[in-house]
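Colleague: upload34.cif is reproduced in full below (mmCIF, C-alpha atoms and all ligand atoms).
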data_protein
#
loop_
_atom_site.label_atom_id
_atom_site.label_comp_id
_atom_site.auth_asym_id
_atom_site.auth_seq_id
_atom_site.Cartn_x
_atom_site.Cartn_y
_atom_site.Cartn_z
CA MET A 8 -6.69 22.50 -7.23
CA ASN A 9 -5.43 19.73 -9.58
CA ILE A 10 -3.10 17.18 -8.05
CA PHE A 11 -0.98 14.85 -10.15
CA VAL A 12 -0.37 11.67 -8.15
CA LEU A 13 2.65 9.56 -9.06
CA ASN A 14 3.38 6.09 -7.78
CA CYS A 15 6.68 4.86 -9.21
CA GLY A 16 7.55 1.18 -8.80
CA SER A 17 10.81 -0.40 -9.90
CA SER A 18 9.53 -0.91 -13.48
CA SER A 19 6.13 0.73 -13.39
CA LEU A 20 4.42 4.08 -13.00
CA LYS A 21 0.82 4.57 -11.82
CA TYR A 22 -0.61 8.05 -12.17
CA GLN A 23 -3.81 10.00 -11.57
CA LEU A 24 -4.75 13.60 -12.13
CA ILE A 25 -7.32 14.49 -9.47
CA ASN A 26 -9.40 17.63 -9.03
CA ILE A 27 -9.17 17.69 -5.25
CA GLU A 28 -12.09 20.10 -4.80
CA ASN A 29 -14.62 17.46 -5.90
CA GLU A 30 -12.18 14.50 -5.69
CA GLU A 31 -12.87 13.66 -9.33
CA VAL A 32 -10.30 11.64 -11.27
CA ILE A 33 -9.72 13.61 -14.47
CA ALA A 34 -7.27 11.15 -16.01
CA ASN A 35 -5.36 8.13 -14.83
CA GLY A 36 -3.31 5.24 -16.10
CA LEU A 37 -0.38 2.96 -15.82
CA VAL A 38 2.95 2.44 -17.55
CA GLU A 39 4.43 -1.02 -17.10
CA LYS A 40 7.63 -2.82 -18.09
CA ILE A 41 9.57 0.48 -18.12
CA THR A 42 12.90 -1.33 -17.90
CA GLU A 43 12.11 -3.61 -20.87
CA SER A 44 12.55 -2.74 -24.55
CA ILE A 45 8.82 -2.27 -25.14
CA SER A 46 6.60 -0.83 -22.40
CA ASP A 47 2.82 -0.96 -21.93
CA PHE A 48 1.25 2.49 -21.79
CA LYS A 49 -2.31 2.95 -20.52
CA TYR A 50 -4.14 6.25 -20.37
CA TYR A 51 -7.75 6.72 -19.32
CA ARG A 52 -9.63 9.99 -19.42
CA LYS A 53 -12.92 10.73 -17.71
CA ASN A 54 -15.85 10.28 -20.08
CA ASN A 55 -14.59 6.92 -21.24
CA LEU A 56 -11.54 7.57 -23.40
CA GLU A 57 -9.26 4.57 -23.07
CA LEU A 58 -5.89 4.35 -24.78
CA GLU A 59 -3.66 1.31 -24.47
CA PHE A 60 -0.57 0.82 -26.58
CA GLU A 61 3.01 -0.39 -26.58
CA LEU A 62 5.84 2.13 -26.64
CA GLU A 63 9.59 2.37 -26.37
CA ILE A 64 10.21 4.06 -23.02
CA THR A 65 13.75 4.57 -21.80
CA ASP A 66 13.21 5.29 -18.10
CA HIS A 67 10.82 6.78 -15.52
CA LYS A 68 11.58 10.34 -16.61
CA ASN A 69 10.66 9.45 -20.16
CA ALA A 70 7.48 7.70 -18.92
CA ILE A 71 6.39 10.76 -16.90
CA GLN A 72 7.17 13.01 -19.86
CA LEU A 73 4.97 10.89 -22.14
CA VAL A 74 2.13 10.92 -19.61
CA LEU A 75 2.41 14.71 -19.29
CA GLU A 76 2.38 15.10 -23.09
CA ARG A 77 -0.82 13.03 -23.17
CA LEU A 78 -2.40 15.18 -20.45
CA ILE A 79 -1.92 18.35 -22.52
CA SER A 80 -2.38 16.84 -25.99
CA GLU A 81 -5.01 18.49 -28.17
CA GLU A 82 -6.66 15.22 -29.08
CA HIS A 83 -6.63 13.34 -25.78
CA GLY A 84 -5.67 15.91 -23.16
CA VAL A 85 -7.55 17.15 -20.12
CA ILE A 86 -5.62 20.35 -19.38
CA GLU A 87 -4.15 23.05 -21.57
CA ASN A 88 -0.74 23.34 -19.98
CA PHE A 89 1.29 22.21 -16.96
CA SER A 90 0.41 25.32 -14.97
CA GLU A 91 -2.96 23.64 -14.41
CA ILE A 92 -1.15 21.03 -12.30
CA ASP A 93 -0.91 22.67 -8.87
CA VAL A 94 0.95 20.00 -6.94
CA VAL A 95 2.57 16.64 -7.61
CA GLY A 96 1.94 14.06 -4.88
CA HIS A 97 4.44 11.22 -4.71
CA ARG A 98 4.02 7.87 -3.03
CA VAL A 99 7.22 7.08 -1.16
CA VAL A 100 7.59 3.71 0.51
CA HIS A 101 10.09 4.30 3.30
CA ALA A 102 10.61 7.40 5.38
CA GLY A 103 12.30 5.60 8.26
CA GLU A 104 11.76 7.45 11.54
CA LYS A 105 12.40 10.78 9.89
CA PHE A 106 8.84 11.69 8.82
CA SER A 107 5.62 10.87 10.62
CA GLY A 108 3.55 12.87 8.15
CA SER A 109 3.55 14.07 4.55
CA VAL A 110 6.05 16.77 3.59
CA LEU A 111 6.86 19.31 0.93
CA ILE A 112 9.83 17.83 -0.92
CA THR A 113 13.00 19.88 -0.63
CA LYS A 114 16.65 19.05 -1.32
CA GLU A 115 16.96 18.04 2.35
CA VAL A 116 13.99 15.67 2.08
CA ILE A 117 15.47 14.03 -1.02
CA ALA A 118 18.78 13.60 0.84
CA ALA A 119 16.92 11.96 3.76
CA LEU A 120 15.09 9.62 1.37
CA LYS A 121 18.37 8.66 -0.23
CA GLU A 122 19.67 7.76 3.21
CA ASN A 123 16.71 5.42 3.59
CA ILE A 124 17.49 3.51 0.39
CA LYS A 125 19.23 0.88 2.47
CA LEU A 126 15.97 0.30 4.36
CA ALA A 127 13.90 -0.13 1.17
CA PRO A 128 16.31 -1.02 -1.63
CA LEU A 129 13.53 -2.33 -3.89
CA HIS A 130 11.20 0.66 -3.57
CA ASN A 131 12.79 3.96 -2.53
CA PRO A 132 15.15 4.29 -5.54
CA ALA A 133 12.19 4.23 -7.98
CA ASN A 134 10.26 6.71 -5.80
CA ILE A 135 13.26 9.08 -5.81
CA VAL A 136 13.68 8.74 -9.58
CA GLY A 137 10.01 9.79 -9.90
CA ILE A 138 10.53 12.84 -7.68
CA GLU A 139 13.67 13.93 -9.51
CA ALA A 140 12.04 13.44 -12.92
CA SER A 141 8.99 15.45 -11.92
CA LYS A 142 11.23 18.26 -10.56
CA LYS A 143 13.07 18.39 -13.90
CA LEU A 144 9.93 18.29 -16.03
CA MET A 145 7.88 20.69 -13.89
CA PRO A 146 10.43 22.78 -11.98
CA LYS A 147 7.86 25.34 -10.85
CA THR A 148 5.38 22.84 -9.45
CA PRO A 149 5.71 21.85 -5.78
CA ASP A 150 6.15 18.17 -4.93
CA VAL A 151 4.76 16.51 -1.80
CA GLY A 152 5.93 13.16 -0.44
CA VAL A 153 3.40 10.84 1.16
CA PHE A 154 4.99 7.92 2.97
CA ASP A 155 3.78 4.33 3.37
CA THR A 156 5.49 4.15 6.73
CA ALA A 157 4.13 7.45 8.12
CA PHE A 158 0.72 6.20 9.31
CA HIS A 159 2.46 3.57 11.42
CA GLN A 160 4.69 6.09 13.20
CA SER A 161 2.03 6.38 15.92
CA MET A 162 2.91 2.84 17.07
CA PRO A 163 4.14 2.63 20.67
CA GLU A 164 7.69 1.50 21.44
CA GLU A 165 6.44 -1.85 22.72
CA ALA A 166 5.02 -2.54 19.24
CA TYR A 167 7.94 -1.39 17.15
CA LEU A 168 10.93 -2.65 19.10
CA TYR A 169 12.28 -6.13 18.45
CA ALA A 170 13.83 -8.10 21.30
CA LEU A 171 17.24 -7.76 19.68
CA PRO A 172 20.42 -5.98 20.82
CA TYR A 173 19.27 -2.43 21.56
CA ASP A 174 22.15 -0.85 19.62
CA TRP A 175 20.82 -2.56 16.44
CA TYR A 176 17.87 -0.21 16.83
CA GLN A 177 19.88 2.84 17.93
CA GLU A 178 22.72 2.54 15.44
CA ASN A 179 21.22 0.58 12.55
CA GLY A 180 17.53 1.51 12.64
CA VAL A 181 16.34 -2.08 13.15
CA ARG A 182 12.71 -1.74 14.29
CA ARG A 183 9.20 -2.35 12.99
CA TYR A 184 8.22 0.33 10.47
CA GLY A 185 5.14 -1.19 8.82
CA PHE A 186 3.98 -0.62 5.24
CA HIS A 187 0.76 -0.08 3.22
CA GLY A 188 0.12 2.80 5.65
CA THR A 189 -1.72 4.92 3.08
CA SER A 190 -4.10 2.06 2.36
CA HIS A 191 -4.70 1.19 6.03
CA LYS A 192 -5.33 4.87 6.74
CA TYR A 193 -7.84 5.21 3.90
CA VAL A 194 -9.92 2.11 4.61
CA SER A 195 -9.97 2.53 8.39
CA GLU A 196 -11.03 6.19 8.15
CA ARG A 197 -13.56 5.39 5.46
CA GLY A 198 -14.92 2.57 7.63
CA ALA A 199 -15.50 4.95 10.55
CA GLU A 200 -17.14 7.39 8.14
CA ILE A 201 -19.53 4.70 6.82
CA LEU A 202 -20.43 3.72 10.39
CA ASN A 203 -20.87 7.39 11.20
CA LYS A 204 -18.75 6.92 14.34
CA ASP A 205 -15.85 8.82 15.82
CA TYR A 206 -12.60 7.37 14.38
CA ASN A 207 -10.84 8.26 17.62
CA LYS A 208 -13.14 6.06 19.65
CA LEU A 209 -13.03 2.89 17.55
CA LYS A 210 -11.04 -0.33 17.65
CA ILE A 211 -10.35 -1.26 14.02
CA ILE A 212 -8.46 -4.04 12.27
CA SER A 213 -7.72 -3.46 8.59
CA CYS A 214 -6.62 -6.35 6.37
CA HIS A 215 -4.78 -5.27 3.22
CA LEU A 216 -4.65 -8.56 1.32
CA GLY A 217 -2.98 -8.25 -2.07
CA ASN A 218 0.16 -9.60 -3.65
CA GLY A 219 1.83 -8.02 -0.62
CA SER A 220 -0.35 -8.36 2.47
CA SER A 221 -0.42 -6.70 5.86
CA ILE A 222 -2.82 -6.26 8.75
CA THR A 223 -3.02 -3.32 11.13
CA ALA A 224 -4.65 -2.70 14.50
CA ILE A 225 -5.86 0.87 14.99
CA LYS A 226 -7.09 1.85 18.43
CA GLU A 227 -8.63 5.27 18.99
CA GLY A 228 -7.06 6.69 15.84
CA LYS A 229 -3.55 5.34 16.47
CA VAL A 230 -1.79 2.35 15.01
CA ILE A 231 -1.01 0.03 17.89
CA ASP A 232 0.48 -2.78 15.82
CA THR A 233 1.02 -3.84 12.23
CA SER A 234 2.20 -7.11 10.73
CA MET A 235 4.91 -5.94 8.33
CA GLY A 236 8.08 -5.07 10.15
CA PHE A 237 11.55 -3.80 9.41
CA THR A 238 10.91 -4.93 5.83
CA PRO A 239 7.72 -6.00 4.01
CA LEU A 240 8.74 -9.64 4.57
CA GLU A 241 7.23 -10.04 8.03
CA GLY A 242 3.70 -10.98 9.00
CA LEU A 243 1.12 -12.56 6.73
CA VAL A 244 1.85 -15.17 4.06
CA MET A 245 2.02 -13.30 0.74
CA GLY A 246 2.19 -13.98 -2.99
CA THR A 247 5.93 -14.62 -2.98
CA ARG A 248 6.97 -13.80 0.62
CA PRO A 249 6.70 -16.12 3.61
CA GLY A 250 5.67 -13.68 6.34
CA ASP A 251 6.61 -14.79 9.87
CA ILE A 252 9.23 -17.53 10.03
CA ASP A 253 11.77 -18.70 12.58
CA PRO A 254 14.86 -16.51 11.93
CA GLY A 255 17.00 -19.54 12.74
CA ILE A 256 15.98 -21.00 9.37
CA ILE A 257 18.12 -18.44 7.52
CA PRO A 258 21.63 -19.30 8.78
CA TYR A 259 20.71 -23.01 8.77
CA ILE A 260 19.57 -23.10 5.15
CA MET A 261 22.40 -20.82 3.97
CA GLN A 262 24.87 -23.36 5.32
CA GLU A 263 22.99 -26.47 4.21
CA ARG A 264 22.42 -25.25 0.65
CA ASN A 265 25.48 -23.05 0.38
CA LEU A 266 23.37 -20.00 -0.42
CA SER A 267 24.69 -16.44 -0.61
CA ILE A 268 22.94 -13.48 1.07
CA GLU A 269 21.62 -12.39 -2.35
CA GLU A 270 20.28 -15.87 -3.10
CA VAL A 271 18.51 -16.24 0.21
CA ASP A 272 17.10 -12.72 -0.09
CA LYS A 273 15.69 -13.59 -3.53
CA LYS A 274 14.18 -16.84 -2.21
CA LEU A 275 12.46 -14.94 0.61
CA ASN A 276 11.23 -12.03 -1.49
CA ASN A 277 10.38 -13.68 -4.80
CA GLN A 278 10.16 -17.43 -4.44
CA SER A 279 8.28 -18.10 -1.19
CA GLY A 280 4.70 -17.47 -0.03
CA VAL A 281 1.69 -19.07 -1.72
CA LEU A 282 3.77 -19.41 -4.90
CA ALA A 283 6.12 -21.81 -3.12
CA LEU A 284 3.35 -23.56 -1.19
CA SER A 285 1.15 -24.15 -4.22
CA SER A 286 3.87 -24.50 -6.86
CA ILE A 287 1.31 -22.94 -9.20
CA SER A 288 1.28 -19.15 -8.98
CA ASN A 289 1.40 -16.16 -6.68
CA ASP A 290 -2.00 -15.15 -8.06
CA PHE A 291 -4.94 -16.23 -5.92
CA ARG A 292 -7.22 -16.49 -8.94
CA GLU A 293 -5.11 -19.34 -10.29
CA ILE A 294 -4.65 -20.94 -6.88
CA LEU A 295 -8.38 -20.86 -6.15
CA GLU A 296 -9.15 -22.38 -9.54
CA ALA A 297 -6.63 -25.19 -8.98
CA ALA A 298 -7.99 -25.85 -5.47
CA GLU A 299 -11.49 -26.14 -6.87
CA LYS A 300 -10.21 -28.78 -9.28
CA GLY A 301 -8.83 -30.72 -6.32
CA ASN A 302 -5.17 -29.64 -6.29
CA LYS A 303 -3.98 -30.40 -2.73
CA ARG A 304 -1.03 -27.98 -2.67
CA ALA A 305 -3.29 -25.15 -3.84
CA LYS A 306 -5.75 -25.96 -1.06
CA LEU A 307 -2.92 -26.09 1.46
CA ALA A 308 -1.62 -22.67 0.33
CA ILE A 309 -5.09 -21.19 0.83
CA ASP A 310 -5.46 -22.84 4.25
CA ILE A 311 -2.08 -21.55 5.45
CA PHE A 312 -2.76 -18.04 4.11
CA CYS A 313 -6.17 -17.82 5.84
CA ARG A 314 -4.91 -19.36 9.07
CA ARG A 315 -2.24 -16.65 9.39
CA VAL A 316 -4.75 -13.83 8.82
CA LYS A 317 -7.11 -15.36 11.40
CA LYS A 318 -4.24 -15.68 13.90
CA TYR A 319 -3.44 -11.97 13.53
CA ILE A 320 -7.10 -10.94 13.85
CA GLY A 321 -7.28 -12.84 17.13
CA SER A 322 -4.07 -11.41 18.53
CA TYR A 323 -4.92 -7.83 17.50
CA ALA A 324 -8.40 -8.07 19.03
CA ALA A 325 -6.69 -9.27 22.22
CA LEU A 326 -4.18 -6.39 22.13
CA MET A 327 -6.94 -3.81 21.72
CA GLY A 328 -9.26 -5.42 24.27
CA GLY A 329 -12.01 -5.81 21.67
CA LEU A 330 -12.97 -4.93 18.15
CA ASP A 331 -15.60 -2.69 16.56
CA LEU A 332 -14.74 -2.82 12.87
CA LEU A 333 -12.91 -5.25 10.62
CA VAL A 334 -12.10 -4.14 7.06
CA PHE A 335 -10.92 -6.10 4.02
CA THR A 336 -9.17 -4.39 1.12
CA ALA A 337 -6.73 -4.80 -1.84
CA GLY A 338 -6.83 -7.43 -4.64
CA ILE A 339 -7.64 -10.47 -2.50
CA GLY A 340 -9.49 -8.64 0.29
CA GLU A 341 -11.79 -6.90 -2.19
CA ASN A 342 -12.39 -9.80 -4.59
CA ALA A 343 -11.80 -13.23 -3.10
CA VAL A 344 -15.18 -14.19 -1.62
CA GLN A 345 -14.02 -17.69 -0.53
CA ILE A 346 -10.90 -16.33 1.19
CA ARG A 347 -12.89 -13.82 3.25
CA SER A 348 -15.38 -16.52 4.13
CA LYS A 349 -12.65 -18.90 5.27
CA ILE A 350 -10.84 -16.26 7.35
CA LEU A 351 -14.08 -15.25 9.07
CA SER A 352 -15.31 -18.76 9.80
CA GLU A 353 -15.61 -19.83 13.44
CA LEU A 354 -14.97 -16.37 14.86
CA GLU A 355 -18.42 -16.05 16.42
CA TYR A 356 -17.06 -16.15 19.95
CA PHE A 357 -15.08 -13.00 18.99
CA GLY A 358 -18.36 -11.36 18.01
CA ILE A 359 -17.65 -11.80 14.27
CA LEU A 360 -20.39 -13.41 12.21
CA ILE A 361 -20.28 -13.30 8.43
CA ASP A 362 -23.37 -13.14 6.23
CA GLU A 363 -22.43 -15.43 3.32
CA GLU A 364 -24.96 -13.83 0.99
CA LYS A 365 -23.74 -10.29 1.66
CA ASN A 366 -20.16 -11.55 1.36
CA ASN A 367 -20.81 -12.63 -2.21
CA ILE A 368 -19.58 -9.33 -3.68
CA LYS A 369 -16.46 -8.11 -5.45
CA ALA A 370 -14.70 -4.78 -5.67
CA LYS A 371 -17.29 -2.60 -4.00
CA GLU A 372 -17.98 -1.09 -0.62
CA ALA A 373 -20.23 -3.43 1.33
CA LYS A 374 -21.05 -4.63 4.81
CA ILE A 375 -20.52 -8.39 4.91
CA SER A 376 -21.27 -9.14 8.58
CA SER A 377 -24.64 -10.45 9.67
CA LYS A 378 -27.12 -8.45 11.75
CA ARG A 379 -26.21 -10.60 14.75
CA SER A 380 -22.49 -9.80 14.43
CA ILE A 381 -21.20 -7.57 17.24
CA VAL A 382 -18.26 -6.52 15.06
CA ASP A 383 -19.04 -4.72 11.81
CA VAL A 384 -17.18 -6.29 8.89
CA TYR A 385 -16.76 -4.36 5.64
CA VAL A 386 -15.14 -4.66 2.25
CA ILE A 387 -13.74 -1.26 1.30
CA PRO A 388 -11.80 -0.86 -1.96
CA THR A 389 -8.60 0.97 -1.17
CA ASN A 390 -7.77 4.31 -2.75
CA GLU A 391 -4.16 5.21 -2.02
CA GLU A 392 -4.08 7.83 -4.80
CA LEU A 393 -6.93 9.77 -3.20
CA VAL A 394 -5.14 9.75 0.18
CA ILE A 395 -1.97 11.03 -1.52
CA ALA A 396 -3.94 13.80 -3.25
CA ARG A 397 -5.69 14.79 0.01
CA GLU A 398 -2.37 14.82 1.86
CA ALA A 399 -0.73 16.92 -0.89
CA LYS A 400 -3.55 19.46 -0.60
CA LYS A 401 -3.21 19.56 3.20
CA VAL A 402 0.57 20.11 3.01
CA MET A 403 0.19 22.93 0.46
CA GLU A 404 -2.53 24.67 2.46
CA LYS A 405 -0.39 24.52 5.60
CA TYR A 406 2.62 25.82 3.66
CA ILE A 407 0.63 28.78 2.33
CA GLU A 408 -0.84 29.45 5.78
CA ASP A 409 2.68 29.53 7.28
CA ILE A 410 3.88 31.97 4.59
CA VAL A 411 0.92 34.29 5.25
CA LYS A 412 1.56 34.11 9.01
CA ASP A 413 5.21 35.04 8.42
CA LEU A 414 4.23 37.95 6.19
CA ILE A 415 1.88 39.51 8.72
CA LYS A 416 4.20 38.99 11.71
P1 LIG B 1 -2.95 -6.11 -5.33
O1 LIG B 1 -1.54 -6.37 -4.91
O2 LIG B 1 -3.78 -5.41 -4.32
O3 LIG B 1 -3.07 -5.52 -6.71
O4 LIG B 1 -3.63 -7.56 -5.46
C1 LIG B 1 -3.23 -8.45 -6.45
C2 LIG B 1 -3.71 -9.84 -6.11
O5 LIG B 1 -5.12 -9.86 -5.86
C3 LIG B 1 -3.54 -10.81 -7.27
O6 LIG B 1 -2.27 -11.35 -7.28
C4 LIG B 1 -4.56 -11.84 -6.95
O7 LIG B 1 -3.97 -12.80 -6.12
C5 LIG B 1 -5.63 -11.14 -6.16
N1 LIG B 1 -6.89 -11.01 -6.89
C6 LIG B 1 -7.26 -10.06 -7.76
N2 LIG B 1 -8.51 -10.29 -8.24
C7 LIG B 1 -8.93 -11.44 -7.64
C8 LIG B 1 -10.13 -12.22 -7.70
N3 LIG B 1 -11.15 -11.86 -8.48
N4 LIG B 1 -10.20 -13.34 -6.95
C9 LIG B 1 -9.17 -13.70 -6.17
N5 LIG B 1 -8.01 -13.01 -6.05
C10 LIG B 1 -7.90 -11.90 -6.78
#
Would you mind writing the file's structure down as structure tokens?
Ligand code: AMP
Modeller:
Amino acid sequence: MNIFVLNCGSSSLKYQLINIENEEVIANGLVEKITESISDFKYYRKNNLELEFELEITDHKNAIQLVLERLISEEHGVIENFSEIDVVGHRVVHAGEKFSGSVLITKEVIAALKENIKLAPLHNPANIVGIEASKKLMPKTPDVGVFDTAFHQSMPEEAYLYALPYDWYQENGVRRYGFHGTSHKYVSERGAEILNKDYNKLKIISCHLGNGSSITAIKEGKVIDTSMGFTPLEGLVMGTRPGDIDPGIIPYIMQERNLSIEEVDKKLNNQSGVLALSSISNDFREILEAAEKGNKRAKLAIDIFCRRVKKYIGSYAALMGGLDLLVFTAGIGENAVQIRSKILSELEYFGILIDEEKNNIKAKEAKISSKRSIVDVYVIPTNEELVIAREAKKVMEKYIEDIVKDLIK
């Protein structure tokens, strides 16, 4: 079964064609700057074919069409025709409370996703465009939606409710949803697999530290808390987002600086975080380099970022009554040796002891805790596309099973 995984961002498209039987990536790539006049098109095929060029791409539909043409092209293709694509798996950011698992996409599902646009105005529209484009280009191929929020739907009420007027939750959907669910699911399950322990018996904290960052506590197979909330603004300090702040700051600063809702929203989403603290970049590579050269604001940004992660690790360990496994993933979690080291310093009384030598690795699966550490600490590169492909397969198998059951009733 070949699964075509699509991850549509506001101006980008990530894709993979995966043979789900052996989980092999047959082709993958990235289209960036879709909304600009010239887009970057990257296509990689197994056995080392790499194509990177600039193209005029009008919109997401056009981008998907060009990717599909590449997949079947005589010179660079990997399949003969589209019938070799069995399912399209779509990453969708926000499913609200509607879906706690992956679903076959129908007209009703698309309508429900459209209703959730107000909850994820930056992400859901692009995801929907991707779904609609794929339905037009491959009308006979089923589409499955895999939601970032779904993994977190197992959270208890006491974790997802804010202490705000209750009708804000009932009538306006104001609650913690959590994001990066596909990534947290992958690395926590993979961690249990590496340890060869029962996922449903472990206490796990997974740290997804990238341009957007979040941390999740998973107890006995269920999410019991996660740092991102109603929107991806809450929680950890991020590239351009502040994470937790006093909500009283917003009305105060709007008045003081005469800012509109749109302006304050932009400040919080795009102009805060380590970018604002360092005044250098939202990219940790640049911040780390500047800190090494003695830049005080860069050092401060790193200190504040690490402090927040440490604070969450402590509170989540307390919530779960202990910790068996701590996992680092995403751009910073997988690559930034110094950041991991700083976060994990002085946590010995929690049973966490880092082995600095083992920690000196990038972008590969590795245990980084010392032999004396009670908690196992791992770096596990995330693989959201594989989770989407696995989910798409599961949904299709269930769908077929239900049809067969109906037939033999
Ligand atoms: P992601 O959102 O998961 O793609 O992560 C992107 C972020 O990871 C970048 O903005 C960088 O801050 C960070 N990153 C990637 N590679 C490195 C590295 N080698 N060292 C430090 N940070 C890195």
Colleague: Identify the residues within 7 Å of coordinate (3.2, -8.5, 9.6) (same frame as the file), considering all atoms listed in the file, and give the answer as JSON, numbers by chain.
Modeller: {"A": [221, 222, 233, 234, 235, 236, 241, 242, 243, 250]}
Colleague: Mind listing as a VMD selection string all residues within 10 Å of (-5.5, 0.9, 5.4), counting only C-alpha atoms?
Modeller: chain A and resid 158 186 to 198 212 to 215 221 to 225 334 to 337 387 to 391
Colleague: Please find the residues contacting ligand LIG 1 (chain B) at a distance of at most 9 Å between atoms, with only C-alpha atoms and all ligand atoms counted, and report them as a ChimeraX atom specification.
Modeller: /A:215-220,246,288-295,336-346,369-370,389
Colleague: Keeping only C-alpha atoms, write the selected residues as an mmCIF file, keeping the file's coordinate frame.
Modeller:
data_model
loop_
_atom_site.group_PDB
_atom_site.id
_atom_site.type_symbol
_atom_site.label_atom_id
_atom_site.label_comp_id
_atom_site.auth_asym_id
_atom_site.auth_seq_id
_atom_site.Cartn_x
_atom_site.Cartn_y
_atom_site.Cartn_z
ATOM 1 C CA HIS A 215 -4.780 -5.270 3.220
ATOM 2 C CA LEU A 216 -4.650 -8.560 1.320
ATOM 3 C CA GLY A 217 -2.980 -8.250 -2.070
ATOM 4 C CA ASN A 218 0.160 -9.600 -3.650
ATOM 5 C CA GLY A 219 1.830 -8.020 -0.620
ATOM 6 C CA SER A 220 -0.350 -8.360 2.470
ATOM 7 C CA GLY A 246 2.190 -13.980 -2.990
ATOM 8 C CA SER A 288 1.280 -19.150 -8.980
ATOM 9 C CA ASN A 289 1.400 -16.160 -6.680
ATOM 10 C CA ASP A 290 -2.000 -15.150 -8.060
ATOM 11 C CA PHE A 291 -4.940 -16.230 -5.920
ATOM 12 C CA ARG A 292 -7.220 -16.490 -8.940
ATOM 13 C CA GLU A 293 -5.110 -19.340 -10.290
ATOM 14 C CA ILE A 294 -4.650 -20.940 -6.880
ATOM 15 C CA LEU A 295 -8.380 -20.860 -6.150
ATOM 16 C CA THR A 336 -9.170 -4.390 1.120
ATOM 17 C CA ALA A 337 -6.730 -4.800 -1.840
ATOM 18 C CA GLY A 338 -6.830 -7.430 -4.640
ATOM 19 C CA ILE A 339 -7.640 -10.470 -2.500
ATOM 20 C CA GLY A 340 -9.490 -8.640 0.290
ATOM 21 C CA GLU A 341 -11.790 -6.900 -2.190
ATOM 22 C CA ASN A 342 -12.390 -9.800 -4.590
ATOM 23 C CA ALA A 343 -11.800 -13.230 -3.100
ATOM 24 C CA VAL A 344 -15.180 -14.190 -1.620
ATOM 25 C CA GLN A 345 -14.020 -17.690 -0.530
ATOM 26 C CA ILE A 346 -10.900 -16.330 1.190
ATOM 27 C CA LYS A 369 -16.460 -8.110 -5.450
ATOM 28 C CA ALA A 370 -14.700 -4.780 -5.670
ATOM 29 C CA THR A 389 -8.600 0.970 -1.170
#
Colleague: Compile the contact shell of Met403 in chain A as a ChimeraX atom specification: residues with an atom at most 12 Å away, counting only C-alpha atoms, same-chain residues fewer than 3 positions apart removed.
Modeller: /A:8-10,93-96,109-112,148-152,396-400,406-410
Colleague: With 4 Å of padding per side, what axis-aligned box (centre and edge lengths, Å, one decimal) covers all the listed atoms of range 158-166 of chain A? Give it as AutoDock Vina command-line options.
Modeller:
--center_x 4.2 --center_y 1.9 --center_z 16.0 --size_x 15.0 --size_y 16.9 --size_z 21.4
Colleague: So that I can check the surroundings of range 17-26 of chain A, please list as a list in words every protein, DNA and RNA residue that reaches within 7 Å of it, counting all atoms listed in the file and ignoring chain neighbours fewer than 4 positions away.
Modeller: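 Listing them by chain and then by number gives Met8, Asn9, Ile10, Phe11, Val12, Leu13, Glu30, Glu31, Val32, Ile33, Ala34, Asn35, Gly36, Leu37, Val38, Glu39, Lys40, Ile41, Thr42, Leu129, His130 and Ala133 of chain A.
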Colleague: Take the residues from that selection and put them in a file with C-alpha atoms, as an mmCIF file, in the coordinates of the input.
Modeller:
data_model
loop_
_atom_site.group_PDB
_atom_site.id
_atom_site.type_symbol
_atom_site.label_atom_id
_atom_site.label_comp_id
_atom_site.auth_asym_id
_atom_site.auth_seq_id
_atom_site.Cartn_x
_atom_site.Cartn_y
_atom_site.Cartn_z
ATOM 1 C CA MET A 8 -6.690 22.500 -7.230
ATOM 2 C CA ASN A 9 -5.430 19.730 -9.580
ATOM 3 C CA ILE A 10 -3.100 17.180 -8.050
ATOM 4 C CA PHE A 11 -0.980 14.850 -10.150
ATOM 5 C CA VAL A 12 -0.370 11.670 -8.150
ATOM 6 C CA LEU A 13 2.650 9.560 -9.060
ATOM 7 C CA GLU A 30 -12.180 14.500 -5.690
ATOM 8 C CA GLU A 31 -12.870 13.660 -9.330
ATOM 9 C CA VAL A 32 -10.300 11.640 -11.270
ATOM 10 C CA ILE A 33 -9.720 13.610 -14.470
ATOM 11 C CA ALA A 34 -7.270 11.150 -16.010
ATOM 12 C CA ASN A 35 -5.360 8.130 -14.830
ATOM 13 C CA GLY A 36 -3.310 5.240 -16.100
ATOM 14 C CA LEU A 37 -0.380 2.960 -15.820
ATOM 15 C CA VAL A 38 2.950 2.440 -17.550
ATOM 16 C CA GLU A 39 4.430 -1.020 -17.100
ATOM 17 C CA LYS A 40 7.630 -2.820 -18.090
ATOM 18 C CA ILE A 41 9.570 0.480 -18.120
ATOM 19 C CA THR A 42 12.900 -1.330 -17.900
ATOM 20 C CA LEU A 129 13.530 -2.330 -3.890
ATOM 21 C CA HIS A 130 11.200 0.660 -3.570
ATOM 22 C CA ALA A 133 12.190 4.230 -7.980
#
Colleague: Could you check how far CA of Gly329 in chain A sits from CA of Phe357 in chain A, in Å to one decimal?
Modeller: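 CA of Phe357 in chain A lies 8.3 Å from CA of Gly329 in chain A.
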Colleague: Distance CA of Thr65 in chain A-CA of Ser44 in chain A, one decimal place?
Modeller: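 Interatomic distance here is 7.9 Å.
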Colleague: Have a look at A:Leu144, A:Val116, A:Leu360, A:Val244 and name the one nearest to Phe89 in chain A; count all atoms listed in the file.
Modeller: A:Leu144
